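structure34.csv (CSV, N, CA and C atoms) appears below.
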chain,number,residue,atom,x,y,z
R,1,MET,N,-80.1,55.3,-129.1
R,1,MET,CA,-79.0,54.7,-128.3
R,1,MET,C,-79.0,55.4,-126.9
R,2,SER,N,-78.9,54.6,-125.9
R,2,SER,CA,-78.9,55.2,-124.5
R,2,SER,C,-77.5,55.6,-124.1
R,3,SER,N,-77.5,56.6,-123.2
R,3,SER,CA,-76.2,57.1,-122.7
R,3,SER,C,-75.5,56.1,-121.9
R,4,PRO,N,-74.1,56.0,-121.9
R,4,PRO,CA,-73.4,55.1,-121.0
R,4,PRO,C,-73.6,55.4,-119.5
R,5,LEU,N,-74.1,56.6,-119.2
R,5,LEU,CA,-74.4,56.9,-117.9
R,5,LEU,C,-75.9,56.8,-117.5
R,6,ALA,N,-76.7,56.2,-118.4
R,6,ALA,CA,-78.1,56.1,-118.2
R,6,ALA,C,-78.3,55.0,-117.0
R,7,THR,N,-79.4,55.2,-116.3
R,7,THR,CA,-79.7,54.3,-115.2
R,7,THR,C,-81.1,53.8,-115.5
R,8,PRO,N,-81.3,52.5,-115.3
R,8,PRO,CA,-82.6,51.9,-115.5
R,8,PRO,C,-83.6,52.5,-114.5
R,9,PRO,N,-84.9,52.7,-114.8
R,9,PRO,CA,-85.8,53.3,-113.9
R,9,PRO,C,-85.9,52.5,-112.6
R,10,GLY,N,-85.8,53.3,-111.5
R,10,GLY,CA,-85.9,52.7,-110.2
R,10,GLY,C,-84.5,52.2,-109.6
R,11,ALA,N,-83.5,52.1,-110.4
R,11,ALA,CA,-82.2,51.6,-110.0
R,11,ALA,C,-81.4,52.7,-109.2
R,12,VAL,N,-80.8,52.3,-108.1
R,12,VAL,CA,-80.0,53.2,-107.4
R,12,VAL,C,-78.6,53.2,-108.0
R,13,ARG,N,-78.0,54.4,-108.2
R,13,ARG,CA,-76.6,54.5,-108.7
R,13,ARG,C,-75.6,54.3,-107.6
R,14,VAL,N,-74.7,53.4,-107.8
R,14,VAL,CA,-73.6,53.1,-106.8
R,14,VAL,C,-72.3,53.3,-107.5
R,15,ILE,N,-71.4,54.0,-106.9
R,15,ILE,CA,-70.0,54.1,-107.3
R,15,ILE,C,-69.1,53.2,-106.4
R,16,ILE,N,-68.4,52.3,-107.0
R,16,ILE,CA,-67.4,51.5,-106.2
R,16,ILE,C,-66.0,51.9,-106.6
R,17,CYS,N,-65.3,52.3,-105.5
R,17,CYS,CA,-63.9,52.7,-105.7
R,17,CYS,C,-63.0,51.6,-105.1
R,18,ASP,N,-62.3,50.8,-105.9
R,18,ASP,CA,-61.5,49.8,-105.4
R,18,ASP,C,-60.6,49.3,-106.6
R,19,PHE,N,-59.5,48.8,-106.3
R,19,PHE,CA,-58.6,48.3,-107.4
R,19,PHE,C,-58.4,46.8,-107.5
R,20,ASN,N,-58.8,46.1,-106.4
R,20,ASN,CA,-58.5,44.7,-106.3
R,20,ASN,C,-59.6,43.8,-106.8
R,21,PRO,N,-59.4,42.5,-106.8
R,21,PRO,CA,-60.4,41.6,-107.3
R,21,PRO,C,-61.8,41.7,-106.6
R,22,LEU,N,-61.8,42.2,-105.4
R,22,LEU,CA,-63.0,42.4,-104.7
R,22,LEU,C,-64.0,43.3,-105.5
R,23,LEU,N,-63.4,44.3,-106.2
R,23,LEU,CA,-64.3,45.2,-107.0
R,23,LEU,C,-65.2,44.4,-107.9
R,24,GLY,N,-64.7,43.4,-108.6
R,24,GLY,CA,-65.5,42.7,-109.6
R,24,GLY,C,-66.6,41.9,-108.8
R,25,SER,N,-66.3,41.3,-107.7
R,25,SER,CA,-67.3,40.5,-107.0
R,25,SER,C,-68.4,41.4,-106.4
R,26,VAL,N,-68.0,42.5,-105.8
R,26,VAL,CA,-69.0,43.4,-105.3
R,26,VAL,C,-69.8,44.0,-106.4
R,27,THR,N,-69.2,44.4,-107.5
R,27,THR,CA,-69.9,45.0,-108.6
R,27,THR,C,-71.0,44.0,-109.1
R,28,SER,N,-70.5,42.7,-109.4
R,28,SER,CA,-71.4,41.7,-109.9
R,28,SER,C,-72.6,41.5,-108.9
R,29,LEU,N,-72.4,41.3,-107.7
R,29,LEU,CA,-73.4,41.1,-106.7
R,29,LEU,C,-74.4,42.2,-106.7
R,30,LEU,N,-73.9,43.4,-106.7
R,30,LEU,CA,-74.9,44.6,-106.6
R,30,LEU,C,-75.6,44.7,-107.9
R,31,ARG,N,-75.0,44.5,-109.0
R,31,ARG,CA,-75.7,44.5,-110.3
R,31,ARG,C,-76.8,43.4,-110.4
R,32,MET,N,-76.5,42.2,-109.9
R,32,MET,CA,-77.5,41.2,-109.9
R,32,MET,C,-78.7,41.5,-109.0
R,33,SER,N,-78.4,42.4,-108.0
R,33,SER,CA,-79.4,42.8,-107.0
R,33,SER,C,-80.2,44.0,-107.5
R,34,GLY,N,-79.9,44.5,-108.7
R,34,GLY,CA,-80.7,45.6,-109.3
R,34,GLY,C,-80.1,47.0,-109.1
R,35,TYR,N,-78.9,47.1,-108.6
R,35,TYR,CA,-78.2,48.4,-108.5
R,35,TYR,C,-77.5,48.7,-109.8
R,36,CYS,N,-77.4,50.0,-110.1
R,36,CYS,CA,-76.7,50.5,-111.3
R,36,CYS,C,-75.3,50.9,-110.8
R,37,VAL,N,-74.3,50.0,-111.1
R,37,VAL,CA,-73.0,50.2,-110.5
R,37,VAL,C,-72.0,50.8,-111.5
R,38,PHE,N,-71.3,51.8,-111.1
R,38,PHE,CA,-70.2,52.4,-111.8
R,38,PHE,C,-68.9,52.1,-111.1
R,39,GLN,N,-67.9,51.6,-111.8
R,39,GLN,CA,-66.6,51.3,-111.2
R,39,GLN,C,-65.6,52.4,-111.4
R,40,ALA,N,-64.9,52.7,-110.3
R,40,ALA,CA,-63.8,53.6,-110.3
R,40,ALA,C,-62.5,52.9,-109.8
R,41,TYR,N,-61.5,53.0,-110.5
R,41,TYR,CA,-60.3,52.2,-110.1
R,41,TYR,C,-59.3,53.1,-109.2
R,42,ASP,N,-59.7,54.3,-109.0
R,42,ASP,CA,-58.9,55.1,-108.0
R,42,ASP,C,-59.8,56.3,-107.6
R,43,GLY,N,-59.3,57.0,-106.6
R,43,GLY,CA,-60.1,58.1,-106.0
R,43,GLY,C,-60.4,59.2,-107.0
R,44,GLU,N,-59.5,59.5,-107.8
R,44,GLU,CA,-59.7,60.6,-108.8
R,44,GLU,C,-60.9,60.2,-109.7
R,45,ALA,N,-60.9,59.0,-110.2
R,45,ALA,CA,-62.0,58.5,-111.1
R,45,ALA,C,-63.3,58.5,-110.3
R,46,ALA,N,-63.3,58.1,-109.1
R,46,ALA,CA,-64.5,58.1,-108.3
R,46,ALA,C,-65.0,59.6,-108.1
R,47,ALA,N,-64.1,60.5,-107.8
R,47,ALA,CA,-64.5,61.9,-107.7
R,47,ALA,C,-65.1,62.4,-109.0
R,48,GLU,N,-64.5,62.0,-110.1
R,48,GLU,CA,-65.0,62.5,-111.4
R,48,GLU,C,-66.4,61.9,-111.7
R,49,LEU,N,-66.6,60.7,-111.3
R,49,LEU,CA,-68.0,60.1,-111.5
R,49,LEU,C,-69.0,60.8,-110.6
R,50,CYS,N,-68.6,61.2,-109.4
R,50,CYS,CA,-69.4,62.0,-108.5
R,50,CYS,C,-69.8,63.3,-109.2
R,51,ARG,N,-68.8,63.9,-109.9
R,51,ARG,CA,-69.1,65.2,-110.5
R,51,ARG,C,-70.0,65.0,-111.8
R,52,GLU,N,-69.9,63.9,-112.5
R,52,GLU,CA,-70.6,63.7,-113.7
R,52,GLU,C,-72.0,63.1,-113.5
R,53,LEU,N,-72.2,62.3,-112.5
R,53,LEU,CA,-73.4,61.6,-112.3
R,53,LEU,C,-74.4,62.3,-111.3
R,54,PRO,N,-75.6,62.6,-111.7
R,54,PRO,CA,-76.5,63.1,-110.7
R,54,PRO,C,-77.1,61.9,-109.9
R,55,ASP,N,-77.7,62.2,-108.8
R,55,ASP,CA,-78.4,61.2,-108.0
R,55,ASP,C,-77.7,60.0,-107.7
R,56,ILE,N,-76.5,60.2,-107.1
R,56,ILE,CA,-75.7,59.0,-106.6
R,56,ILE,C,-76.4,58.6,-105.4
R,57,GLY,N,-76.6,57.3,-105.2
R,57,GLY,CA,-77.2,56.7,-104.0
R,57,GLY,C,-76.3,56.2,-103.0
R,58,LEU,N,-75.0,55.8,-103.4
R,58,LEU,CA,-74.1,55.2,-102.5
R,58,LEU,C,-72.7,55.3,-103.1
R,59,LEU,N,-71.7,55.5,-102.3
R,59,LEU,CA,-70.3,55.4,-102.6
R,59,LEU,C,-69.7,54.2,-101.8
R,60,VAL,N,-69.1,53.3,-102.4
R,60,VAL,CA,-68.4,52.2,-101.7
R,60,VAL,C,-66.9,52.4,-101.9
R,61,VAL,N,-66.2,52.4,-100.8
R,61,VAL,CA,-64.7,52.6,-100.9
R,61,VAL,C,-64.0,51.5,-100.1
R,62,ASP,N,-62.8,51.3,-100.5
R,62,ASP,CA,-61.9,50.3,-99.9
R,62,ASP,C,-60.8,51.1,-99.2
R,63,THR,N,-60.2,50.5,-98.2
R,63,THR,CA,-59.1,51.2,-97.5
R,63,THR,C,-57.9,51.5,-98.4
R,64,LYS,N,-57.6,50.5,-99.3
R,64,LYS,CA,-56.4,50.7,-100.1
R,64,LYS,C,-56.8,50.9,-101.5
R,65,GLY,N,-55.9,51.5,-102.3
R,65,GLY,CA,-56.1,51.5,-103.7
R,65,GLY,C,-56.9,52.7,-104.3
R,66,THR,N,-57.3,53.6,-103.4
R,66,THR,CA,-58.0,54.8,-103.9
R,66,THR,C,-57.1,55.8,-104.6
R,67,GLY,N,-55.8,55.7,-104.4
R,67,GLY,CA,-54.9,56.7,-105.0
R,67,GLY,C,-54.9,58.0,-104.3
R,68,MET,N,-55.8,58.1,-103.3
R,68,MET,CA,-55.8,59.3,-102.5
R,68,MET,C,-56.2,58.9,-101.1
R,69,TYR,N,-56.1,59.7,-100.2
R,69,TYR,CA,-56.5,59.4,-98.8
R,69,TYR,C,-58.0,59.2,-98.8
R,70,THR,N,-58.4,58.0,-98.4
R,70,THR,CA,-59.8,57.6,-98.5
R,70,THR,C,-60.8,58.6,-97.8
R,71,PRO,N,-60.5,59.1,-96.6
R,71,PRO,CA,-61.4,60.1,-96.0
R,71,PRO,C,-61.5,61.4,-96.9
R,72,ALA,N,-60.4,61.8,-97.6
R,72,ALA,CA,-60.5,62.9,-98.5
R,72,ALA,C,-61.4,62.7,-99.6
R,73,LEU,N,-61.4,61.5,-100.1
R,73,LEU,CA,-62.4,61.1,-101.2
R,73,LEU,C,-63.8,61.2,-100.7
R,74,VAL,N,-64.1,60.7,-99.5
R,74,VAL,CA,-65.4,60.8,-98.9
R,74,VAL,C,-65.8,62.2,-98.8
R,75,ARG,N,-64.9,63.1,-98.3
R,75,ARG,CA,-65.3,64.5,-98.1
R,75,ARG,C,-65.6,65.2,-99.5
R,76,THR,N,-64.7,64.9,-100.5
R,76,THR,CA,-64.9,65.4,-101.8
R,76,THR,C,-66.3,65.0,-102.4
R,77,ALA,N,-66.6,63.7,-102.2
R,77,ALA,CA,-67.9,63.2,-102.8
R,77,ALA,C,-69.1,63.8,-102.1
R,78,ARG,N,-68.9,64.0,-100.8
R,78,ARG,CA,-70.0,64.7,-100.0
R,78,ARG,C,-70.2,66.2,-100.3
R,79,LYS,N,-69.1,66.8,-100.7
R,79,LYS,CA,-69.2,68.2,-101.1
R,79,LYS,C,-70.1,68.3,-102.4
R,80,ILE,N,-69.9,67.3,-103.3
R,80,ILE,CA,-70.7,67.3,-104.5
R,80,ILE,C,-72.1,66.8,-104.3
R,81,HIS,N,-72.2,65.8,-103.5
R,81,HIS,CA,-73.5,65.1,-103.1
R,81,HIS,C,-73.7,65.2,-101.6
R,82,PRO,N,-74.1,66.3,-101.0
R,82,PRO,CA,-74.3,66.3,-99.6
R,82,PRO,C,-75.1,65.2,-99.0
R,83,GLY,N,-74.7,64.6,-97.9
R,83,GLY,CA,-75.4,63.6,-97.3
R,83,GLY,C,-75.2,62.2,-98.0
R,84,LEU,N,-74.3,62.1,-98.9
R,84,LEU,CA,-74.1,60.8,-99.7
R,84,LEU,C,-73.8,59.7,-98.7
R,85,PRO,N,-74.5,58.6,-98.7
R,85,PRO,CA,-74.2,57.5,-97.9
R,85,PRO,C,-72.9,56.8,-98.5
R,86,VAL,N,-72.0,56.4,-97.5
R,86,VAL,CA,-70.8,55.8,-97.9
R,86,VAL,C,-70.6,54.5,-97.1
R,87,LEU,N,-70.1,53.5,-97.8
R,87,LEU,CA,-69.8,52.2,-97.1
R,87,LEU,C,-68.3,52.0,-97.3
R,88,HIS,N,-67.6,51.8,-96.2
R,88,HIS,CA,-66.2,51.5,-96.3
R,88,HIS,C,-66.0,50.0,-96.1
R,89,ILE,N,-65.2,49.4,-97.0
R,89,ILE,CA,-64.8,48.0,-96.9
R,89,ILE,C,-63.4,47.9,-96.6
R,90,GLY,N,-63.1,47.2,-95.5
R,90,GLY,CA,-61.7,47.1,-95.1
R,90,GLY,C,-61.5,46.2,-93.9
R,91,LYS,N,-60.3,46.2,-93.4
R,91,LYS,CA,-60.0,45.3,-92.3
R,91,LYS,C,-60.2,46.0,-91.0
R,92,SER,N,-60.3,47.3,-91.0
R,92,SER,CA,-60.6,48.1,-89.8
R,92,SER,C,-61.0,49.5,-90.2
R,93,THR,N,-61.4,50.3,-89.2
R,93,THR,CA,-61.8,51.7,-89.5
R,93,THR,C,-60.6,52.5,-89.9
R,94,ILE,N,-60.8,53.6,-90.5
R,94,ILE,CA,-59.8,54.5,-90.9
R,94,ILE,C,-59.8,55.8,-90.1
R,95,PRO,N,-58.7,56.1,-89.5
R,95,PRO,CA,-58.6,57.4,-88.7
R,95,PRO,C,-58.9,58.6,-89.7
R,96,GLY,N,-59.7,59.5,-89.2
R,96,GLY,CA,-60.0,60.7,-90.0
R,96,GLY,C,-61.2,60.5,-90.9
R,97,MET,N,-61.8,59.3,-90.9
R,97,MET,CA,-63.0,59.1,-91.8
R,97,MET,C,-64.2,60.0,-91.2
R,98,PRO,N,-64.9,60.7,-92.1
R,98,PRO,CA,-66.0,61.5,-91.7
R,98,PRO,C,-67.0,60.6,-90.9
R,99,PRO,N,-67.8,61.3,-90.1
R,99,PRO,CA,-68.8,60.5,-89.3
R,99,PRO,C,-69.9,59.9,-90.2
R,100,GLY,N,-70.4,58.8,-89.7
R,100,GLY,CA,-71.5,58.1,-90.4
R,100,GLY,C,-71.1,57.2,-91.5
R,101,VAL,N,-69.8,56.8,-91.5
R,101,VAL,CA,-69.3,55.9,-92.5
R,101,VAL,C,-69.1,54.5,-91.9
R,102,PRO,N,-70.0,53.6,-92.1
R,102,PRO,CA,-69.7,52.3,-91.4
R,102,PRO,C,-68.7,51.5,-92.2
R,103,THR,N,-68.0,50.6,-91.5
R,103,THR,CA,-67.0,49.7,-92.1
R,103,THR,C,-67.6,48.3,-92.1
R,104,LEU,N,-67.5,47.7,-93.3
R,104,LEU,CA,-67.9,46.3,-93.5
R,104,LEU,C,-66.5,45.6,-93.6
R,105,GLU,N,-66.2,44.8,-92.5
R,105,GLU,CA,-64.9,44.2,-92.4
R,105,GLU,C,-64.8,43.0,-93.4
R,106,GLU,N,-63.6,43.0,-94.1
R,106,GLU,CA,-63.3,41.8,-94.9
R,106,GLU,C,-63.1,40.6,-94.0
R,107,SER,N,-63.4,39.5,-94.2
R,107,SER,CA,-64.1,38.8,-95.3
R,107,SER,C,-65.6,38.8,-94.9
R,108,PHE,N,-66.4,39.2,-95.8
R,108,PHE,CA,-67.9,39.3,-95.5
R,108,PHE,C,-68.6,38.4,-96.5
R,109,THR,N,-69.8,38.1,-96.2
R,109,THR,CA,-70.6,37.3,-97.1
R,109,THR,C,-71.5,38.2,-98.0
R,110,ALA,N,-72.0,37.6,-99.0
R,110,ALA,CA,-72.9,38.3,-99.9
R,110,ALA,C,-74.1,38.9,-99.1
R,111,ASP,N,-74.6,38.1,-98.2
R,111,ASP,CA,-75.8,38.6,-97.4
R,111,ASP,C,-75.3,39.8,-96.5
R,112,GLN,N,-74.1,39.8,-96.0
R,112,GLN,CA,-73.7,40.9,-95.2
R,112,GLN,C,-73.5,42.2,-96.0
R,113,LEU,N,-73.0,42.0,-97.2
R,113,LEU,CA,-72.8,43.1,-98.1
R,113,LEU,C,-74.2,43.7,-98.5
R,114,LEU,N,-75.1,42.9,-98.9
R,114,LEU,CA,-76.4,43.4,-99.3
R,114,LEU,C,-77.2,44.0,-98.1
R,115,SER,N,-77.0,43.5,-96.9
R,115,SER,CA,-77.6,44.1,-95.7
R,115,SER,C,-77.0,45.4,-95.4
R,116,ALA,N,-75.7,45.6,-95.5
R,116,ALA,CA,-75.0,46.8,-95.3
R,116,ALA,C,-75.4,47.9,-96.3
R,117,VAL,N,-75.5,47.5,-97.5
R,117,VAL,CA,-75.9,48.4,-98.6
R,117,VAL,C,-77.4,48.8,-98.4
R,118,GLY,N,-78.2,47.8,-98.1
R,118,GLY,CA,-79.7,48.1,-97.8
R,118,GLY,C,-79.9,49.0,-96.7
R,119,ALA,N,-79.0,49.0,-95.7
R,119,ALA,CA,-79.2,49.8,-94.5
R,119,ALA,C,-78.8,51.3,-94.9
R,120,LEU,N,-78.0,51.5,-95.9
R,120,LEU,CA,-77.6,52.8,-96.3
R,120,LEU,C,-78.4,53.5,-97.4
R,121,VAL,N,-79.0,52.6,-98.2
R,121,VAL,CA,-79.7,53.1,-99.4
R,121,VAL,C,-81.2,52.9,-99.1
R,122,PRO,N,-82.0,54.0,-99.2
R,122,PRO,CA,-83.4,53.9,-99.1
R,122,PRO,C,-84.0,53.0,-100.1
R,123,GLY,N,-84.9,52.1,-99.6
R,123,GLY,CA,-85.5,51.1,-100.5
R,123,GLY,C,-86.7,51.5,-101.1
Render the structure in this file as structure tokens.
Amino acid sequence: MSSPLATPPGAVRVIICDFNPLLGSVTSLLRMSGYCVFQAYDGEAAAELCRELPDIGLLVVDTKGTGMYTPALVRTARKIHPGLPVLHIGKSTIPGMPPGVPTLEESFTADQLLSAVGALVPG
């Protein structure tokens, strides 16, 4: 029996932290595109996944619903995984966000999401 944290060979591990219906859509699209996606419904769960999972390839965060200040989550994740790529989904950029975190503005298409993820995750 495989571990619930197992990743298929060659699949990039992605953690998505969001609480709204967008989470399901983004998760489904990325899974269909070959990514190994782990869902976190708040910032604490996302930070815990970062601590438990090796080789995280991407963290996707939303402006709202992290349960903690989103830039703090990004800093925490990057302490655990230095240089971790992060994609922010929201209506605008967040003050205090660490450098190098692009914002994919809502409402985006599937192609825009996949392009943004592809730009951050080595292929």
So how far away is atom CA of Val60 of chain R from atom CA of Met32 of chain R, in Å?
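These two atoms are separated by 16.5 Å.
Residues lying within 8 Å of (-65.9, 56.6, -107.0). Counted over all atoms listed in the file, they are R:Val14, R:Ile15, R:Ile16, R:Cys17, R:Asp18, R:Phe38, R:Gln39, R:Ala40, R:Tyr41, R:Asp42, R:Gly43, R:Glu44, R:Ala45, R:Ala46, R:Ala47, R:Glu48, R:Leu49, R:Cys50, R:Leu58, R:Leu59, R:Val60, R:Val61.
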Could you state the separation of atom C of Leu120 of chain R and atom CA of Pro85 of chain R in Å, given to one decimal place?
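About the pair atom C of Leu120 of chain R and atom CA of Pro85 of chain R: they are 5.8 Å apart.
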Looking at R:Arg51, R:Gly118, R:Leu30, R:Ile56, which one is nearest to Arg13 of chain R, with distances taken over only C-alpha atoms?
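Using only C-alpha atoms, the shortest distance to Arg13 of chain R belongs to R:Ile56.
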Rank R:Ile89, R:Pro98, R:Thr27, R:Val37 by their smallest atom-to-atom distance to Val74 of chain R, using only N, CA and C atoms, and report the top residue only.
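For Val74 of chain R, the nearest of the candidates is R:Pro98.
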Kindly give the distance, in Å, that separates atom CA of Cys36 of chain R and atom CA of Gly100 of chain R, rounded to a single decimal.
22.8 Å
With only C-alpha atoms as the basis for distance, which of R:Pro71, R:Pro122, R:Gly24, R:Gly57 is at the shortest distance from Pro95 of chain R?
R:Pro71
Enumerate as a CSV table (one decimal) with N, CA and C atoms, in the frame of the given file all residues of chain R assigned to helix (DSSP H, G or I) by DSSP on the backbone, naming them with the chain letters and numbers the document uses.
chain,number,residue,atom,x,y,z
R,22,LEU,N,-61.8,42.2,-105.4
R,22,LEU,CA,-63.0,42.4,-104.7
R,22,LEU,C,-64.0,43.3,-105.5
R,23,LEU,N,-63.4,44.3,-106.2
R,23,LEU,CA,-64.3,45.2,-107.0
R,23,LEU,C,-65.2,44.4,-107.9
R,24,GLY,N,-64.7,43.4,-108.6
R,24,GLY,CA,-65.5,42.7,-109.6
R,24,GLY,C,-66.6,41.9,-108.8
R,25,SER,N,-66.3,41.3,-107.7
R,25,SER,CA,-67.3,40.5,-107.0
R,25,SER,C,-68.4,41.4,-106.4
R,26,VAL,N,-68.0,42.5,-105.8
R,26,VAL,CA,-69.0,43.4,-105.3
R,26,VAL,C,-69.8,44.0,-106.4
R,27,THR,N,-69.2,44.4,-107.5
R,27,THR,CA,-69.9,45.0,-108.6
R,27,THR,C,-71.0,44.0,-109.1
R,28,SER,N,-70.5,42.7,-109.4
R,28,SER,CA,-71.4,41.7,-109.9
R,28,SER,C,-72.6,41.5,-108.9
R,29,LEU,N,-72.4,41.3,-107.7
R,29,LEU,CA,-73.4,41.1,-106.7
R,29,LEU,C,-74.4,42.2,-106.7
R,30,LEU,N,-73.9,43.4,-106.7
R,30,LEU,CA,-74.9,44.6,-106.6
R,30,LEU,C,-75.6,44.7,-107.9
R,31,ARG,N,-75.0,44.5,-109.0
R,31,ARG,CA,-75.7,44.5,-110.3
R,31,ARG,C,-76.8,43.4,-110.4
R,32,MET,N,-76.5,42.2,-109.9
R,32,MET,CA,-77.5,41.2,-109.9
R,32,MET,C,-78.7,41.5,-109.0
R,43,GLY,N,-59.3,57.0,-106.6
R,43,GLY,CA,-60.1,58.1,-106.0
R,43,GLY,C,-60.4,59.2,-107.0
R,44,GLU,N,-59.5,59.5,-107.8
R,44,GLU,CA,-59.7,60.6,-108.8
R,44,GLU,C,-60.9,60.2,-109.7
R,45,ALA,N,-60.9,59.0,-110.2
R,45,ALA,CA,-62.0,58.5,-111.1
R,45,ALA,C,-63.3,58.5,-110.3
R,46,ALA,N,-63.3,58.1,-109.1
R,46,ALA,CA,-64.5,58.1,-108.3
R,46,ALA,C,-65.0,59.6,-108.1
R,47,ALA,N,-64.1,60.5,-107.8
R,47,ALA,CA,-64.5,61.9,-107.7
R,47,ALA,C,-65.1,62.4,-109.0
R,48,GLU,N,-64.5,62.0,-110.1
R,48,GLU,CA,-65.0,62.5,-111.4
R,48,GLU,C,-66.4,61.9,-111.7
R,49,LEU,N,-66.6,60.7,-111.3
R,49,LEU,CA,-68.0,60.1,-111.5
R,49,LEU,C,-69.0,60.8,-110.6
R,50,CYS,N,-68.6,61.2,-109.4
R,50,CYS,CA,-69.4,62.0,-108.5
R,50,CYS,C,-69.8,63.3,-109.2
R,51,ARG,N,-68.8,63.9,-109.9
R,51,ARG,CA,-69.1,65.2,-110.5
R,51,ARG,C,-70.0,65.0,-111.8
R,52,GLU,N,-69.9,63.9,-112.5
R,52,GLU,CA,-70.6,63.7,-113.7
R,52,GLU,C,-72.0,63.1,-113.5
R,70,THR,N,-58.4,58.0,-98.4
R,70,THR,CA,-59.8,57.6,-98.5
R,70,THR,C,-60.8,58.6,-97.8
R,71,PRO,N,-60.5,59.1,-96.6
R,71,PRO,CA,-61.4,60.1,-96.0
R,71,PRO,C,-61.5,61.4,-96.9
R,72,ALA,N,-60.4,61.8,-97.6
R,72,ALA,CA,-60.5,62.9,-98.5
R,72,ALA,C,-61.4,62.7,-99.6
R,73,LEU,N,-61.4,61.5,-100.1
R,73,LEU,CA,-62.4,61.1,-101.2
R,73,LEU,C,-63.8,61.2,-100.7
R,74,VAL,N,-64.1,60.7,-99.5
R,74,VAL,CA,-65.4,60.8,-98.9
R,74,VAL,C,-65.8,62.2,-98.8
R,75,ARG,N,-64.9,63.1,-98.3
R,75,ARG,CA,-65.3,64.5,-98.1
R,75,ARG,C,-65.6,65.2,-99.5
R,76,THR,N,-64.7,64.9,-100.5
R,76,THR,CA,-64.9,65.4,-101.8
R,76,THR,C,-66.3,65.0,-102.4
R,77,ALA,N,-66.6,63.7,-102.2
R,77,ALA,CA,-67.9,63.2,-102.8
R,77,ALA,C,-69.1,63.8,-102.1
R,78,ARG,N,-68.9,64.0,-100.8
R,78,ARG,CA,-70.0,64.7,-100.0
R,78,ARG,C,-70.2,66.2,-100.3
R,79,LYS,N,-69.1,66.8,-100.7
R,79,LYS,CA,-69.2,68.2,-101.1
R,79,LYS,C,-70.1,68.3,-102.4
R,80,ILE,N,-69.9,67.3,-103.3
R,80,ILE,CA,-70.7,67.3,-104.5
R,80,ILE,C,-72.1,66.8,-104.3
R,110,ALA,N,-72.0,37.6,-99.0
R,110,ALA,CA,-72.9,38.3,-99.9
R,110,ALA,C,-74.1,38.9,-99.1
R,111,ASP,N,-74.6,38.1,-98.2
R,111,ASP,CA,-75.8,38.6,-97.4
R,111,ASP,C,-75.3,39.8,-96.5
R,112,GLN,N,-74.1,39.8,-96.0
R,112,GLN,CA,-73.7,40.9,-95.2
R,112,GLN,C,-73.5,42.2,-96.0
R,113,LEU,N,-73.0,42.0,-97.2
R,113,LEU,CA,-72.8,43.1,-98.1
R,113,LEU,C,-74.2,43.7,-98.5
R,114,LEU,N,-75.1,42.9,-98.9
R,114,LEU,CA,-76.4,43.4,-99.3
R,114,LEU,C,-77.2,44.0,-98.1
R,115,SER,N,-77.0,43.5,-96.9
R,115,SER,CA,-77.6,44.1,-95.7
R,115,SER,C,-77.0,45.4,-95.4
R,116,ALA,N,-75.7,45.6,-95.5
R,116,ALA,CA,-75.0,46.8,-95.3
R,116,ALA,C,-75.4,47.9,-96.3
R,117,VAL,N,-75.5,47.5,-97.5
R,117,VAL,CA,-75.9,48.4,-98.6
R,117,VAL,C,-77.4,48.8,-98.4
R,118,GLY,N,-78.2,47.8,-98.1
R,118,GLY,CA,-79.7,48.1,-97.8
R,118,GLY,C,-79.9,49.0,-96.7
R,119,ALA,N,-79.0,49.0,-95.7
R,119,ALA,CA,-79.2,49.8,-94.5
R,119,ALA,C,-78.8,51.3,-94.9
R,120,LEU,N,-78.0,51.5,-95.9
R,120,LEU,CA,-77.6,52.8,-96.3
R,120,LEU,C,-78.4,53.5,-97.4
Contacts of Gly90 of chain R within 6 Å, only N, CA and C atoms, excl. fewer than 5 positions in-chain, as an NGL selection string
:R and (62-63 or 103-106)
May I have the residues from that selection written out with N, CA and C atoms, as a short mmCIF file (atom, residue, chain, number, x, y, z; two decimals), in the frame of the given file?
data_model
loop_
_atom_site.label_atom_id
_atom_site.label_comp_id
_atom_site.auth_asym_id
_atom_site.auth_seq_id
_atom_site.Cartn_x
_atom_site.Cartn_y
_atom_site.Cartn_z
N ASP R 62 -62.80 51.30 -100.50
CA ASP R 62 -61.90 50.30 -99.90
C ASP R 62 -60.80 51.10 -99.20
N THR R 63 -60.20 50.50 -98.20
CA THR R 63 -59.10 51.20 -97.50
C THR R 63 -57.90 51.50 -98.40
N THR R 103 -68.00 50.60 -91.50
CA THR R 103 -67.00 49.70 -92.10
C THR R 103 -67.60 48.30 -92.10
N LEU R 104 -67.50 47.70 -93.30
CA LEU R 104 -67.90 46.30 -93.50
C LEU R 104 -66.50 45.60 -93.60
N GLU R 105 -66.20 44.80 -92.50
CA GLU R 105 -64.90 44.20 -92.40
C GLU R 105 -64.80 43.00 -93.40
N GLU R 106 -63.60 43.00 -94.10
CA GLU R 106 -63.30 41.80 -94.90
C GLU R 106 -63.10 40.60 -94.00
#
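In terms of minimum interatomic distance to Met97 of chain R, R:Arg75 ranks closest within R:Val121, R:Arg75, R:Arg31, R:Asp55, counting all atoms listed in the file.
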Where in segment 2-96 of chain R does DSSP assign strand (DSSP E), given as a list in words?
Arg13, Val14, Ile15, Ile16, Cys17, Cys36, Val37, Phe38, Gln39, Ala40, Ile56, Gly57, Leu58, Leu59, Val60, Val61, Asp62, Val86, Leu87, His88, Ile89 and Gly90 of chain R
